[in-house]
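Written below as structure tokens is the structure these notes are about.
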Amino acid sequence: MNIDTQSCVVTGKKEVFVVGQPLDYQGQGTLVRVTRGGICGSDLHYYEHGQVGDFKVREAMVLGHEVVGVVEKSDTDRLQPGQKVALNPSKPCKACKYCLSGDENQCTTMKFFGSAMYFPHINGAFTQYKIVDSDQCIPYDNQVSDRLMVFAEPLAVAIHAVNQAGDIRGKTVFVSGVGPIGCLIVLAAIAKGAAEVIVTDPSERCRTLAMAVGATKALDATNGDFAEYQAEKGYFNVSFDASGHPSSIRRCLEVTRARGTLVQVGMGGAVNDFPLMMLIAKEINWVGSFRFTEEFNTAVEWLANKTVDPMPLLSAEFPQGDVVDALEFALDKSKASKVQLVF
């Protein structure tokens with residue numbers, strides 16, 4: 001089955017085009033007609049800088065990993081034509097020691113949508129049609145809004161981060177950096193039973209969004225008063241750094257109580273003058289969080305049954321042909337939280 005599909009392709013810094021690509025479905029896997037996609041920070045890095053970290057764009061690559069669509073054809077009876085599906089962008093090998101132990105997010109040869117980690121690159125899903133492994137398709141009720149379900153992938157990241165903290169029922173939680181992922185962590189922490197969730201960010205818009213999704217209190221990271229939370233070796237049982245900035249990490253260490261947990265979600269470079277003694281003396285458990293495993297299915301379930309409502313985070317929607325306008329809008333953090341493409 002031959003299909004001409006229009007794809008959003010990045011070729012370098014600020015070079016994104018909607019181009020036609022031939023697609024040949026031979027009856028293996030599932031052919032999905034993509035309906036919506038959310039723009040992620042990594043998409044913005046590829047667009048603005050031509051790379052994410054050390055992963056540089058060296059050939060034309062389709063962007064996008066936060067996508068939903070409709071089944072056209074499939075090699076399994078589980079997926080019938082017309083069924084709505086959220087696409088899990090992770091394709092682990094299922095054979096390495098991490099996959100075999102259930103830690104698939106640590107797969108040594110992970111193929112993740114829209115990544116320049118490997119060469120040839122792994123194409124993403126900002127395209128009208130995509131062929132995927134059938135187990136990457138997570139069905140959801142056709143009555144559920146696509147614009148809601150597009151949040152499944154970033155919500156899965158947030159749920160995984162909260163799971164890294166262990167049981168947080170009845171605990172005090174601090175989130176530093178409430179961009180989209182930070183706000184989704186607020187939602188996930190509340191859903192998991194946190195007693196209170198206090199956030200901080202230098203952006204008033206971000207703080208307002210955090211309150212809209214259920215934060216107990218929002219503090220200005222620039223000139224807020226944190227003294228009461230720093231007293232007696234800290235106040236919070238669990239902190240999440242969703243910024244990656246050295247000042248954010250330090251603040252999390254300051255307000256996390258002795259023997260509490262700090263979950264590192266935000267990515268950044270080297271942290272100069274790291275307050276190692278504070279980490280040691282307070283016996284803080286500092287744990288990383290990377291992508292997700294089974295949390296993707298949990299995210300689809302939570303969105304479908306309205307356990308969480310991330311819709312306050314949706315800032316704008318653009319047709320696929322206006323992908324450059326969409327990316328430029330998403331880059332403006334004074335206006336944008338989550339931006340979606342409609343296919």
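Please note that chains go A, B, ... in the order of the structure tokens, that every chain numbers its residues from 1, and that ligands are numbered from 1 in the order shown.
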
For A:Val263, please output as a CSV table (one decimal) with N, CA and C atoms, in the first residue's frame all residues within 10 Å (counting only C-alpha atoms; exclusion window: fewer than 2 positions along the same chain).
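File produced: selection13.csv:
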```
chain,number,residue,atom,x,y,z
A,161,ALA,N,8.5,10.6,37.0
A,161,ALA,CA,9.2,11.4,38.0
A,161,ALA,C,8.6,11.2,39.4
A,162,VAL,N,7.3,11.3,39.5
A,162,VAL,CA,6.6,11.2,40.8
A,162,VAL,C,6.9,9.8,41.3
A,163,ASN,N,6.8,8.8,40.4
A,163,ASN,CA,7.1,7.4,40.9
A,163,ASN,C,8.5,7.2,41.4
A,164,GLN,N,9.4,8.0,40.9
A,164,GLN,CA,10.8,7.9,41.3
A,164,GLN,C,10.9,8.3,42.8
A,165,ALA,N,10.0,9.1,43.3
A,165,ALA,CA,10.0,9.6,44.7
A,165,ALA,C,9.4,8.6,45.7
A,175,VAL,N,8.0,21.9,43.8
A,175,VAL,CA,8.4,21.8,42.4
A,175,VAL,C,9.0,23.1,42.0
A,238,VAL,N,9.5,15.8,49.7
A,238,VAL,CA,10.0,15.5,48.3
A,238,VAL,C,10.1,16.8,47.5
A,239,SER,N,11.2,17.0,46.8
A,239,SER,CA,11.3,18.1,45.9
A,239,SER,C,11.6,17.6,44.5
A,240,PHE,N,11.1,18.4,43.5
A,240,PHE,CA,11.3,18.0,42.1
A,240,PHE,C,12.0,19.3,41.4
A,241,ASP,N,13.2,19.1,40.9
A,241,ASP,CA,13.8,20.1,40.1
A,241,ASP,C,13.5,19.9,38.7
A,242,ALA,N,12.6,20.7,38.1
A,242,ALA,CA,12.2,20.6,36.7
A,242,ALA,C,12.8,21.7,35.9
A,249,ILE,N,18.5,23.8,41.6
A,249,ILE,CA,18.9,22.6,42.3
A,249,ILE,C,19.3,23.0,43.7
A,252,CYS,N,16.3,23.5,45.8
A,252,CYS,CA,15.6,22.3,46.2
A,252,CYS,C,16.3,21.6,47.4
A,261,THR,N,13.7,13.5,49.7
A,261,THR,CA,14.1,13.0,48.4
A,261,THR,C,14.0,14.2,47.4
A,265,VAL,N,14.7,16.2,37.4
A,265,VAL,CA,14.0,16.0,36.1
A,265,VAL,C,14.6,17.0,35.1
A,266,GLY,N,14.8,18.2,35.5
A,266,GLY,CA,15.4,19.2,34.6
A,266,GLY,C,16.8,18.8,34.1
A,285,ASN,N,18.2,12.0,49.5
A,285,ASN,CA,18.2,11.0,48.4
A,285,ASN,C,18.0,11.7,47.1
A,286,TRP,N,19.0,11.8,46.3
A,286,TRP,CA,19.0,12.6,45.0
A,286,TRP,C,18.9,11.6,43.9
A,287,VAL,N,17.7,11.5,43.2
A,287,VAL,CA,17.5,10.5,42.2
A,287,VAL,C,17.1,11.1,40.9
A,288,GLY,N,17.6,10.5,39.8
A,288,GLY,CA,17.3,11.0,38.5
A,288,GLY,C,16.0,10.5,38.0
A,289,SER,N,15.5,11.1,36.9
A,289,SER,CA,14.2,10.6,36.3
A,289,SER,C,14.4,10.9,34.8
```

Residues near stretch 95-107 of chain A, cut-off 10 Å, only C-alpha atoms, skip fewer than 3 positions along chain, as a PyMOL selection string: chain A and resi 90-92+110-111+289-294

Preceding selection exported with all heavy atoms as a short mmCIF file (atom, residue, chain, number, x, y, z; two decimals), in the first residue's frame:
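After the write, part02.cif holds the following:
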```cif
data_model
loop_
_atom_site.label_atom_id
_atom_site.label_comp_id
_atom_site.auth_asym_id
_atom_site.auth_seq_id
_atom_site.Cartn_x
_atom_site.Cartn_y
_atom_site.Cartn_z
N SER A 90 8.54 5.43 22.34
CA SER A 90 9.67 4.57 22.73
C SER A 90 9.61 3.24 21.98
O SER A 90 8.58 2.59 21.94
CB SER A 90 9.64 4.29 24.24
OG SER A 90 9.69 5.47 24.98
N LYS A 91 10.75 2.85 21.43
CA LYS A 91 10.87 1.53 20.80
C LYS A 91 12.13 0.86 21.34
O LYS A 91 13.19 0.89 20.72
CB LYS A 91 10.94 1.65 19.28
CG LYS A 91 10.91 0.30 18.56
CD LYS A 91 10.93 0.48 17.05
CE LYS A 91 10.96 -0.87 16.36
NZ LYS A 91 11.01 -0.71 14.87
N PRO A 92 12.02 0.24 22.53
CA PRO A 92 13.18 -0.43 23.13
C PRO A 92 13.46 -1.75 22.40
O PRO A 92 12.59 -2.30 21.72
CB PRO A 92 12.72 -0.68 24.56
CG PRO A 92 11.23 -0.77 24.47
CD PRO A 92 10.82 0.17 23.39
N MET A 110 17.73 2.20 22.45
CA MET A 110 16.39 2.77 22.32
C MET A 110 16.25 3.57 21.02
O MET A 110 17.08 4.40 20.69
CB MET A 110 16.09 3.67 23.51
CG MET A 110 14.80 4.45 23.40
SD MET A 110 13.33 3.41 23.55
CE MET A 110 13.30 3.17 25.34
N LYS A 111 15.17 3.29 20.29
CA LYS A 111 14.82 4.07 19.11
C LYS A 111 13.62 4.94 19.48
O LYS A 111 12.51 4.45 19.61
CB LYS A 111 14.47 3.15 17.93
CG LYS A 111 15.57 2.14 17.57
CD LYS A 111 16.82 2.85 17.08
CE LYS A 111 17.82 1.88 16.48
NZ LYS A 111 18.35 0.90 17.45
N SER A 289 15.47 11.11 36.92
CA SER A 289 14.23 10.63 36.29
C SER A 289 14.36 10.86 34.79
O SER A 289 14.58 12.00 34.35
CB SER A 289 13.02 11.37 36.86
OG SER A 289 11.82 10.88 36.29
N PHE A 290 14.17 9.79 34.00
CA PHE A 290 14.37 9.87 32.56
C PHE A 290 13.25 9.16 31.82
O PHE A 290 13.01 7.97 32.01
CB PHE A 290 15.71 9.23 32.19
CG PHE A 290 16.06 9.33 30.74
CD1 PHE A 290 16.28 10.56 30.14
CD2 PHE A 290 16.18 8.19 29.97
CE1 PHE A 290 16.62 10.65 28.78
CE2 PHE A 290 16.53 8.27 28.63
CZ PHE A 290 16.73 9.50 28.03
N ARG A 291 12.50 9.91 31.04
CA ARG A 291 11.41 9.39 30.22
C ARG A 291 10.42 8.60 31.07
O ARG A 291 9.94 9.07 32.08
CB ARG A 291 11.94 8.59 29.03
CG ARG A 291 12.66 9.45 28.00
CD ARG A 291 13.18 8.64 26.82
NE ARG A 291 13.88 9.49 25.85
CZ ARG A 291 14.70 9.05 24.93
NH1 ARG A 291 14.94 7.75 24.82
NH2 ARG A 291 15.29 9.89 24.09
N PHE A 292 10.13 7.34 30.68
CA PHE A 292 9.06 6.59 31.33
C PHE A 292 9.12 5.13 30.88
O PHE A 292 9.82 4.79 29.91
CB PHE A 292 7.68 7.18 30.95
CG PHE A 292 7.55 7.46 29.48
CD1 PHE A 292 7.24 6.47 28.57
CD2 PHE A 292 7.77 8.75 28.98
CE1 PHE A 292 7.15 6.72 27.21
CE2 PHE A 292 7.69 9.02 27.62
CZ PHE A 292 7.37 8.00 26.73
N THR A 293 8.38 4.28 31.57
CA THR A 293 8.19 2.89 31.12
C THR A 293 6.68 2.67 30.99
O THR A 293 6.05 3.21 30.09
CB THR A 293 8.85 1.89 32.08
OG1 THR A 293 8.39 2.14 33.43
CG2 THR A 293 10.37 2.03 32.06
N GLU A 294 6.11 1.89 31.93
CA GLU A 294 4.67 1.61 31.86
C GLU A 294 3.82 2.84 32.14
O GLU A 294 2.59 2.82 31.96
CB GLU A 294 4.30 0.48 32.84
CG GLU A 294 4.22 0.87 34.30
CD GLU A 294 5.57 1.10 34.97
OE1 GLU A 294 6.60 0.71 34.37
OE2 GLU A 294 5.59 1.67 36.08
#
```

Proximity to A:Gly321 - best of A:Ser74, A:Thr30, A:Thr127, A:Ser42, only C-alpha atoms: A:Thr127

Residues of stretch 214-258 of chain A in strand (DSSP E or B), written as a list of chain:residue names: A:Lys217, A:Ala218, A:Leu219, A:Asp220, A:Phe236, A:Asn237, A:Val238, A:Ser239, A:Phe240, A:Asp241, A:Thr256, A:Arg257, A:Ala258
